[in-house]
Structure formats: C-alpha cells, structure tokens
Amino acid sequence: MRPPPFDYLEPTTVAEACAELDRHRDRCAVLAGGQSLVAQLNARLIRPDFVLSIARIPELAAVEATDAGIRIGAAVTQREVQRGLAGDTVPVLREALERVGHVPTRNRGTVGGSIAFADPTAELPAVLLALGGTVVLRSAGGERTVPAGEFWLGPFRTGMRPDELLVAVSIPVPAGGVWAFEQRHFRRHAKVSVVAGTAGDGILTVAAAGLTDTAVLLPDAAARFSSCASPSEGIAAVAAGVADLVTPNADHYGSPAYRRRLAVAATEAALRRVPGLAPETEAA
Amino acid sequence: MTTGPNTNPLNGSSPTPKLEAKPRAVTVTVNGDPVVALVEPRTLLVDFLREKAQLTGTHTGCHQGWCGACTVLLDGSSTRSCLTFAVQADSCEVTTVEGIESGDGQLSSLQRALIEHSGFQCGFCTPGFVVLGTEILAEAADGATFSRDDLQRRLAANICRCTGYRGILDALEHALAEQAATSAEVAR
C-alpha cells in the first residue's frame, strides 16, 4: 500500500520545527530516517495530516563530544554513528547497531528515531538505559532532558508531548566503563538483547530489551552477582533475574518460556565478556 | 523496520477535514540525468523512479523495508526506496540498477559474475542485490575488507527466495576478487 495524503513540512531550524509542532500537535508526525515511520505510513497504521522532516536542520546532524560523553543529534544516521566518533567513543553502541536492521536501513535510520519509536524489542533503548543516557527534548516552551529510565512508558509509547521534538540523545562516557552487548533471537524475531557492564565505578549494571513492554534494567544485578560464592554462580543468578523480567506476552514468534531461555543465554554471554566477572576457568 | 501496533494517536485523530497535500516540484539526479517532476509528498521514491523517471528496473515488493527489491543508491549509500519519499531525495543523486552498467551498455563485473555463478533465477530480487553488491564493492575499493561471513550478513539485508544466496555470494566474492586484482594491477 501507499501512504495516505499528508502535507510535508521541511523546516531548516529547530525553532521553526518546534513552532510547527506546537501549531499541529498530534496531527503531525516527525520524520527522521523514516525506516519505521514510512513503513507505518505505507501500511496506513497512522494517518497524520502533516509529516515534518528534520533532515534539513543542520543543527540536528552533528555528533559532538561533550564533557560528560557524547551527544548524538536527532538526524544522525545509525550508519554514521557506527562508523564515526560515537562508535569509537561508545563501542557497545557500534555492537548493538550491527543488530539494528541492515546496512540499507541503517544508512537512513537514526539513533534518535529508534529511541523515539519505542519498539520494546529495539536494541538501542537497552544501550541507552544501561549506560545512563538521556533524551533531549525541545519545544516552543524550552528544553528538557529526560533520563532513559523515565522516557519509555510502554510499547511504542514515550513521555514526549506532541509539541516536543527529540533533538538529541546523550550518552555519558565515564573512564573505565566496559560494556558488552549480546542478542539471542529466533530468525531476528523474538529478539532478546542484553547490555551488561560497569560504568567505571565497578558496579555491575544489566539492561535488557525484548522481555517486556519497554527496555528494562535489572534493579539488583550487582547484589545478585556479589551474593554468590563463585563468578559462575553469580552469572547464573543474574541471568535468572533477567529471565524473571519476562512478562507473559506470547506471540507467534515465541512463548514466554522460550523468551526466558533467550534471556538466560543472552545474559550469560554478555556477562562472560565483562572483565572481572568471567569465571577463572573460562578466562582466556 | 518494525511496524508498531495500531495505537498511535496520529491515527484518525483529526476532526478537521483533510488538507489537500500540495504537489511539489522535485529534482532528482537519476543515473547522472536530472529528473524533474511534480509529486505529492506521499510519493515514494520507488514510484518516482518507476513512474516519473520511467526506470522499472527498481522493483517494488513489500513496502515495509523487508525485502530489499527496491534498494537504490541515494548519494552513494544503499537505501530502501520504498521507505523514502521522493521529496526527501530532492537535490540528491540516485543510482538504480540501470545506472550500474557502463555507458556503452557493458555489464559491471558483479552483473557478469551473477550470470556466471547462477546468482538469480526469477530475477525479481536481482536489481536490489546488484545495488547492494555495488555498495560493497565501492567500500572495498575504499579499503574495507570482507570475510565470507561479513558478506553473508550484508546480503541478508535483501531477500531472495529462489537461489538460496550461494550463487549471489559466490558472484560477489568473485567480483571483489576481480576488483582487488585489477587495482593491484593498476598499482603495479
């Protein structure tokens, strides 16, 4: 199918874009790379009166190194992130992006778009959550920064107001942070992604996607691990904790029991790659 | 790529009558030639190419980004032309499968290799694979190296339901080797 008719807005500044969003509110859809939005339009799952493209706003096209980490503009493509400064600075982002669509979709699709789309099985929200990232939202009324943990409200739902534009995603880059990304899936459906590591403070953090309505953190990952006598028991305890985050949401791609097994496999694989956690016998 | 459930507030929320979407003039350089056309904003790039540029080599399959039959190069990067609006390609350069062969109609090394290695049967997916492989060859010319596994992952972007991919993979490997040998020859 082809999309229903809409009017096309192509502002060249963020201020202009925010003014348009303020005027049209929920009659307007924001187009970044379009790799999810255009698919939805083609299927006529959404029927906006306006589509606002952010591709010609130079301010949104940059990746910047900041004091705290990196800031990825909303129009920066996934492929640019993989191949450039952001991927160099946050290698786990590069690793996760390998699993996001394919090269042709990553050539157009953006990091900001994937965060805003809020697909519960998407890889990037788990990365943002684990690394303590934030989402920068701008509206005619000003700017606010939302921690990743408060951004997603449910499947394909975020706390963004209809007059707000996602302008950037920020990821802190503390010294000594080490992260591993692992995914287990059934033919790229029933995907379970796990991001595990330490933010430089040595405290184990584990985030996962594909288990429930949004990407989630395992709240007591560090305590679970350290309460065990050996690293291999610790890894099993954390993996069991991640499996317990699966909500009974069976679909034709996988039962809850199958997803629990994917969760255990992905978590164990990720934890074994975090230095200092790997069982002695398996250390290379 | 994923299509969300039908819970979006954008769906039919508007009480006001639908605006008439104004057609716009767009200029896309297709295979080196400028194509100017008046299009609705909702016109997909694949339809622009097939109907306005009258180049029907780019196939249109799923309209969801899954199959890759519509893959073209947009400013040199492989792109799903079914997930891109023609207005987004305004002032950009597009290469379709028709632009891969040389000016005198000589097939590219990848196209020849696809024939030699039986890299297609029904041919529906072939334009997408030719474009996908052409991007890989360009990256290799810039110094990137690809293992067979890498190539397999890259080709997984597009769907072929006839050949089982082996012929396509063999053809791409052959074209890469040929390109590497040619550039080594030139360097000498």
# chains A, B, ... in the order shown; residues from 1 in each chain; ligands from 1
call {"tool": "residues_around", "arguments": {"residues": "Thr77 (chain A)", "least_positions_apart": "2", "cutoff": "6 Å", "atoms": "only C-alpha atoms", "output": "list in words"}}
result
Arg79, Glu80, Arg108, Gly109 and Thr110 of chain A
call {"tool": "write_last_selection", "arguments": {"atoms": "C-alpha atoms", "output": "compact mmCIF listing (two decimals), in the first residue's frame"}}
result
# COMPACT_ATOMS: atom_id res chain seq x y z
CA ARG A 79 25.47 4.11 10.00
CA GLU A 80 27.21 7.42 10.74
CA ARG A 108 18.80 6.14 6.60
CA GLY A 109 17.55 5.22 10.08
CA THR A 110 18.60 7.40 13.00
call {"tool": "residues_around", "arguments": {"residues": "region 63-77 of chain B", "least_positions_apart": "6", "cutoff": "9 Å", "atoms": "only C-alpha atoms", "output": "MDAnalysis selection string"}}
result
(chainID A and resid 1:2 35:36 38:40 42:43 103:105 107:108) or (chainID B and resid 1:3 46 57 83 89 92:97 124:132 134:135 138 157:160)
call {"tool": "write_last_selection", "arguments": {"atoms": "N, CA and C atoms", "output": "CSV table (one decimal), in the first residue's frame"}}
result
chain,number,residue,atom,x,y,z
A,1,MET,N,0.8,-1.2,0.0
A,1,MET,CA,0.0,0.0,0.0
A,1,MET,C,0.9,1.3,0.0
A,2,ARG,N,0.3,2.4,-0.4
A,2,ARG,CA,0.9,3.6,-0.3
A,2,ARG,C,0.4,4.5,0.8
A,35,GLN,N,12.6,4.9,8.6
A,35,GLN,CA,12.7,3.4,8.4
A,35,GLN,C,11.6,2.7,9.2
A,36,SER,N,11.0,3.4,10.2
A,36,SER,CA,9.8,2.8,10.9
A,36,SER,C,8.6,3.6,10.5
A,38,VAL,N,7.9,5.5,7.7
A,38,VAL,CA,7.3,5.3,6.4
A,38,VAL,C,6.7,3.9,6.3
A,39,ALA,N,7.3,2.9,6.9
A,39,ALA,CA,6.6,1.6,6.9
A,39,ALA,C,5.2,1.6,7.5
A,40,GLN,N,5.1,2.4,8.6
A,40,GLN,CA,3.8,2.6,9.3
A,40,GLN,C,2.8,3.3,8.4
A,42,ASN,N,3.0,3.5,5.0
A,42,ASN,CA,2.7,2.6,3.9
A,42,ASN,C,1.6,1.6,4.3
A,43,ALA,N,1.6,1.2,5.5
A,43,ALA,CA,0.6,0.2,6.0
A,43,ALA,C,-0.7,1.0,6.5
A,103,VAL,N,22.3,-2.8,6.7
A,103,VAL,CA,23.0,-1.6,6.2
A,103,VAL,C,22.1,-0.6,5.5
A,104,PRO,N,21.3,-1.1,4.5
A,104,PRO,CA,20.4,-0.1,3.8
A,104,PRO,C,19.4,0.6,4.8
A,105,THR,N,18.9,0.0,5.8
A,105,THR,CA,18.1,0.7,6.7
A,105,THR,C,18.9,1.6,7.7
A,107,ASN,N,21.6,3.1,6.9
A,107,ASN,CA,22.1,4.2,6.1
A,107,ASN,C,21.1,5.4,6.2
A,108,ARG,N,19.8,5.1,6.5
A,108,ARG,CA,18.8,6.1,6.6
A,108,ARG,C,18.3,6.3,8.0
B,1,MET,N,12.1,-0.6,10.7
B,1,MET,CA,11.6,-1.8,10.0
B,1,MET,C,10.3,-2.4,10.6
B,2,THR,N,10.3,-2.3,11.9
B,2,THR,CA,9.2,-2.9,12.6
B,2,THR,C,7.9,-2.0,12.5
B,3,THR,N,6.8,-2.5,12.4
B,3,THR,CA,5.6,-1.8,12.3
B,3,THR,C,4.8,-1.9,13.6
B,46,VAL,N,10.5,5.0,-4.8
B,46,VAL,CA,10.4,3.8,-5.8
B,46,VAL,C,9.4,4.1,-6.9
B,57,GLY,N,13.5,-0.9,-13.5
B,57,GLY,CA,14.5,-1.9,-13.0
B,57,GLY,C,14.4,-2.1,-11.5
B,83,LEU,N,11.0,3.1,1.5
B,83,LEU,CA,10.9,3.7,2.8
B,83,LEU,C,11.4,5.2,2.7
B,89,ALA,N,14.4,12.9,-1.4
B,89,ALA,CA,15.6,12.8,-2.4
B,89,ALA,C,15.8,14.0,-3.2
B,92,CYS,N,19.2,15.3,-4.6
B,92,CYS,CA,20.1,14.2,-4.3
B,92,CYS,C,20.4,13.4,-5.6
B,93,GLU,N,21.4,12.5,-5.5
B,93,GLU,CA,21.8,11.6,-6.6
B,93,GLU,C,21.3,10.2,-6.3
B,94,VAL,N,20.7,9.6,-7.3
B,94,VAL,CA,20.2,8.3,-7.1
B,94,VAL,C,20.8,7.4,-8.2
B,95,THR,N,21.3,6.2,-7.8
B,95,THR,CA,21.8,5.3,-8.8
B,95,THR,C,20.8,4.0,-8.7
B,96,THR,N,20.2,3.7,-9.8
B,96,THR,CA,19.4,2.5,-9.9
B,96,THR,C,20.2,1.4,-10.6
B,97,VAL,N,19.6,0.2,-10.7
B,97,VAL,CA,20.2,-0.9,-11.4
B,97,VAL,C,20.6,-0.5,-12.9
B,124,PHE,N,13.5,-11.3,-9.7
B,124,PHE,CA,12.8,-10.2,-9.0
B,124,PHE,C,13.6,-9.4,-8.1
B,125,CYS,N,14.4,-10.2,-7.3
B,125,CYS,CA,15.3,-9.5,-6.3
B,125,CYS,C,16.6,-9.0,-6.8
B,126,THR,N,16.9,-9.4,-8.1
B,126,THR,CA,18.3,-9.1,-8.6
B,126,THR,C,18.7,-7.7,-8.6
B,127,PRO,N,17.8,-6.7,-9.0
B,127,PRO,CA,18.2,-5.3,-9.0
B,127,PRO,C,18.7,-4.9,-7.6
B,128,GLY,N,18.0,-5.3,-6.6
B,128,GLY,CA,18.3,-4.9,-5.2
B,128,GLY,C,19.7,-5.5,-4.9
B,129,PHE,N,19.9,-6.8,-5.3
B,129,PHE,CA,21.2,-7.4,-4.9
B,129,PHE,C,22.4,-6.7,-5.7
B,130,VAL,N,22.1,-6.4,-7.0
B,130,VAL,CA,23.1,-5.7,-7.7
B,130,VAL,C,23.5,-4.4,-7.1
B,131,VAL,N,22.5,-3.6,-6.6
B,131,VAL,CA,22.8,-2.4,-6.0
B,131,VAL,C,23.5,-2.6,-4.6
B,132,LEU,N,23.0,-3.5,-3.9
B,132,LEU,CA,23.6,-3.9,-2.6
B,132,LEU,C,25.1,-4.3,-2.7
B,134,THR,N,27.0,-3.5,-5.3
B,134,THR,CA,27.8,-2.4,-5.8
B,134,THR,C,28.3,-1.5,-4.7
B,135,GLU,N,27.5,-1.3,-3.7
B,135,GLU,CA,27.9,-0.5,-2.5
B,135,GLU,C,29.1,-1.2,-1.8
B,138,ALA,N,32.2,-0.7,-3.7
B,138,ALA,CA,32.7,0.6,-3.5
B,138,ALA,C,33.4,0.7,-2.2
B,157,ALA,N,20.5,-8.5,4.1
B,157,ALA,CA,19.6,-7.3,4.0
B,157,ALA,C,18.5,-7.5,3.0
B,158,ASN,N,18.7,-8.3,2.0
B,158,ASN,CA,17.7,-8.5,0.9
B,158,ASN,C,17.3,-9.9,0.9
B,159,ILE,N,16.1,-10.1,0.4
B,159,ILE,CA,15.5,-11.5,0.4
B,159,ILE,C,15.5,-12.0,-1.1
B,160,CYS,N,16.0,-13.2,-1.2
B,160,CYS,CA,16.0,-14.0,-2.5
B,160,CYS,C,15.3,-15.3,-2.1
call {"tool": "select_by_dssp", "arguments": {"residues": "region 31-249 of chain A", "states": "alpha helix (DSSP H)", "output": "PyMOL selection string"}}
result
chain A and resi 37-42+78-83+85-89+91-97+103-106+111-117+123-130+148-151+221-226+231-243
call {"tool": "residues_around", "arguments": {"residues": "region 218-221 of chain A", "least_positions_apart": "5", "cutoff": "10 Å", "atoms": "only C-alpha atoms", "output": "JSON, numbers by chain"}}
result
{"A": [130, 196, 203, 204, 205, 206, 207, 208, 226, 234, 235, 237, 238, 239, 241, 242, 243, 244, 245]}
call {"tool": "residues_around", "arguments": {"residues": "Leu31 (chain A)", "least_positions_apart": "4", "cutoff": "9 Å", "atoms": "only C-alpha atoms", "output": "number ranges by chain"}}
result
A: 37-38, 51-55, 113
call {"tool": "closest_residue", "arguments": {"among": "A:Val274, A:Asp7, A:Leu211, A:Arg56", "to": "Ala257 (chain A)", "atoms": "only C-alpha atoms"}}
result
A:Leu211
call {"tool": "closest_residue", "arguments": {"among": "A:Val216, A:Leu137, A:Ala122, A:Val194", "to": "chain B", "atoms": "only C-alpha atoms"}}
result
A:Ala122
call {"tool": "atom_distance", "arguments": {"atom1": "CA of Ala144 (chain B)", "atom2": "CA of Ala62 (chain A)"}}
result
24.4 Å
call {"tool": "residues_around", "arguments": {"residues": "region 38-40 of chain B", "least_positions_apart": "5", "cutoff": "7 Å", "atoms": "only C-alpha atoms", "output": "VMD selection string"}}
result
chain B and resid 21 to 26
call {"tool": "write_last_selection", "arguments": {"atoms": "C-alpha atoms", "output": "mmCIF file, in the first residue's frame"}}
result
data_model
loop_
_atom_site.group_PDB
_atom_site.id
_atom_site.type_symbol
_atom_site.label_atom_id
_atom_site.label_comp_id
_atom_site.auth_asym_id
_atom_site.auth_seq_id
_atom_site.Cartn_x
_atom_site.Cartn_y
_atom_site.Cartn_z
ATOM 1 C CA ALA B 21 -1.493 17.995 0.011
ATOM 2 C CA LYS B 22 0.182 20.396 -2.380
ATOM 3 C CA PRO B 23 2.268 18.742 -5.097
ATOM 4 C CA ARG B 24 5.886 19.853 -5.158
ATOM 5 C CA ALA B 25 8.497 20.005 -7.851
ATOM 6 C CA VAL B 26 11.450 17.796 -7.068
#
call {"tool": "select_by_dssp", "arguments": {"residues": "region 136-204 of chain A", "states": "strand (DSSP E)", "output": "ChimeraX atom specification"}}
result
/A:136-139,142-147,152-154,157-158,165-172,178-186,189-198,204
call {"tool": "write_last_selection", "arguments": {"atoms": "N, CA and C atoms", "output": "CSV table (one decimal), in the first residue's frame"}}
result
chain,number,residue,atom,x,y,z
A,136,VAL,N,17.1,14.4,24.9
A,136,VAL,CA,17.0,15.9,25.0
A,136,VAL,C,15.8,16.3,24.1
A,137,LEU,N,14.8,16.9,24.8
A,137,LEU,CA,13.5,17.3,24.1
A,137,LEU,C,13.4,18.8,24.0
A,138,ARG,N,13.0,19.3,22.9
A,138,ARG,CA,12.8,20.7,22.7
A,138,ARG,C,11.4,21.0,22.3
A,139,SER,N,10.9,22.1,22.8
A,139,SER,CA,9.5,22.6,22.4
A,139,SER,C,9.6,24.1,22.3
A,142,GLY,N,10.7,25.5,25.6
A,142,GLY,CA,12.1,25.3,26.1
A,142,GLY,C,12.6,23.9,25.9
A,143,GLU,N,13.6,23.6,26.7
A,143,GLU,CA,14.3,22.3,26.5
A,143,GLU,C,14.2,21.5,27.8
A,144,ARG,N,14.0,20.2,27.8
A,144,ARG,CA,14.2,19.4,29.0
A,144,ARG,C,14.9,18.1,28.6
A,145,THR,N,15.6,17.6,29.7
A,145,THR,CA,16.4,16.4,29.5
A,145,THR,C,15.7,15.3,30.3
A,146,VAL,N,15.4,14.2,29.7
A,146,VAL,CA,14.7,13.1,30.3
A,146,VAL,C,15.7,11.9,30.4
A,147,PRO,N,15.9,11.4,31.7
A,147,PRO,CA,16.7,10.2,31.8
A,147,PRO,C,16.0,9.0,31.0
A,152,TRP,N,10.5,5.8,28.3
A,152,TRP,CA,9.5,4.9,27.7
A,152,TRP,C,8.4,4.5,28.6
A,153,LEU,N,7.2,4.6,28.2
A,153,LEU,CA,6.1,4.4,29.0
A,153,LEU,C,5.4,3.0,28.7
A,154,GLY,N,5.6,2.5,27.5
A,154,GLY,CA,5.0,1.2,27.1
A,154,GLY,C,5.4,0.9,25.7
A,157,ARG,N,5.3,3.8,23.1
A,157,ARG,CA,4.8,4.9,23.8
A,157,ARG,C,6.0,5.6,24.6
A,158,THR,N,6.0,6.9,24.5
A,158,THR,CA,7.1,7.6,25.3
A,158,THR,C,6.4,8.8,26.1
A,165,LEU,N,10.0,18.0,20.3
A,165,LEU,CA,10.9,17.3,19.3
A,165,LEU,C,12.1,16.7,20.0
A,166,LEU,N,12.4,15.5,19.7
A,166,LEU,CA,13.6,14.9,20.2
A,166,LEU,C,14.8,15.5,19.4
A,167,VAL,N,15.7,16.2,20.1
A,167,VAL,CA,16.7,16.9,19.4
A,167,VAL,C,18.1,16.2,19.5
A,168,ALA,N,18.2,15.4,20.5
A,168,ALA,CA,19.5,14.7,20.7
A,168,ALA,C,19.4,13.6,21.7
A,169,VAL,N,20.3,12.6,21.6
A,169,VAL,CA,20.4,11.6,22.6
A,169,VAL,C,21.8,11.7,23.2
A,170,SER,N,21.9,11.8,24.6
A,170,SER,CA,23.3,12.0,25.2
A,170,SER,C,23.6,10.7,25.9
A,171,ILE,N,24.9,10.3,25.8
A,171,ILE,CA,25.4,9.1,26.5
A,171,ILE,C,26.6,9.5,27.2
A,172,PRO,N,26.6,9.3,28.6
A,172,PRO,CA,27.8,9.6,29.3
A,172,PRO,C,28.9,8.6,29.0
A,178,VAL,N,33.1,-0.5,30.9
A,178,VAL,CA,33.3,-1.6,29.9
A,178,VAL,C,31.9,-2.2,29.7
A,179,TRP,N,31.5,-2.4,28.5
A,179,TRP,CA,30.2,-2.9,28.2
A,179,TRP,C,30.2,-4.0,27.2
A,180,ALA,N,29.3,-4.9,27.3
A,180,ALA,CA,29.1,-6.0,26.3
A,180,ALA,C,27.6,-6.0,25.9
A,181,PHE,N,27.4,-6.2,24.6
A,181,PHE,CA,26.1,-6.4,24.1
A,181,PHE,C,25.9,-7.8,23.5
A,182,GLU,N,24.9,-8.5,23.9
A,182,GLU,CA,24.6,-9.8,23.3
A,182,GLU,C,23.1,-9.9,23.0
A,183,GLN,N,22.8,-10.6,21.9
A,183,GLN,CA,21.4,-10.8,21.5
A,183,GLN,C,21.2,-12.3,21.1
A,184,ARG,N,20.1,-12.8,21.5
A,184,ARG,CA,19.7,-14.1,21.1
A,184,ARG,C,18.3,-13.9,20.5
A,185,HIS,N,18.0,-14.6,19.4
A,185,HIS,CA,16.8,-14.4,18.7
A,185,HIS,C,16.4,-15.6,17.9
A,186,PHE,N,15.1,-15.6,17.5
A,186,PHE,CA,14.6,-16.6,16.6
A,186,PHE,C,14.4,-15.9,15.2
A,189,HIS,N,13.3,-12.5,15.0
A,189,HIS,CA,12.1,-12.1,15.7
A,189,HIS,C,12.3,-12.7,17.1
A,190,ALA,N,11.4,-12.4,18.0
A,190,ALA,CA,11.6,-12.8,19.4
A,190,ALA,C,13.0,-12.5,19.9
A,191,LYS,N,13.4,-11.2,19.6
A,191,LYS,CA,14.8,-10.8,19.9
A,191,LYS,C,14.9,-10.5,21.4
A,192,VAL,N,15.9,-11.0,22.0
A,192,VAL,CA,16.2,-10.6,23.4
A,192,VAL,C,17.6,-10.0,23.4
A,193,SER,N,17.8,-8.7,23.8
A,193,SER,CA,19.1,-8.1,23.8
A,193,SER,C,19.4,-7.8,25.2
A,194,VAL,N,20.7,-8.0,25.6
A,194,VAL,CA,21.2,-7.7,26.9
A,194,VAL,C,22.5,-6.8,26.8
A,195,VAL,N,22.5,-5.8,27.6
A,195,VAL,CA,23.7,-5.0,27.7
A,195,VAL,C,24.2,-5.1,29.2
A,196,ALA,N,25.4,-5.5,29.3
A,196,ALA,CA,25.9,-5.7,30.7
A,196,ALA,C,27.3,-5.0,30.8
A,197,GLY,N,27.6,-4.5,32.0
A,197,GLY,CA,28.9,-3.9,32.1
A,197,GLY,C,29.0,-3.1,33.4
A,198,THR,N,30.1,-2.3,33.5
A,198,THR,CA,30.3,-1.4,34.6
A,198,THR,C,30.6,-0.1,34.1
A,204,LEU,N,28.1,-3.6,38.7
A,204,LEU,CA,27.5,-4.3,37.6
A,204,LEU,C,26.1,-3.7,37.3
call {"tool": "closest_residue", "arguments": {"among": "A:Thr121, A:Thr89, A:Gln78, A:Asn249", "to": "chain B", "atoms": "only C-alpha atoms"}}
result
A:Thr121
call {"tool": "residues_around", "arguments": {"residues": "region 114-119 of chain B", "least_positions_apart": "4", "cutoff": "12 Å", "atoms": "only C-alpha atoms", "output": "number ranges by chain"}}
result
B: 107-110, 123-127, 129-130, 133, 160-175
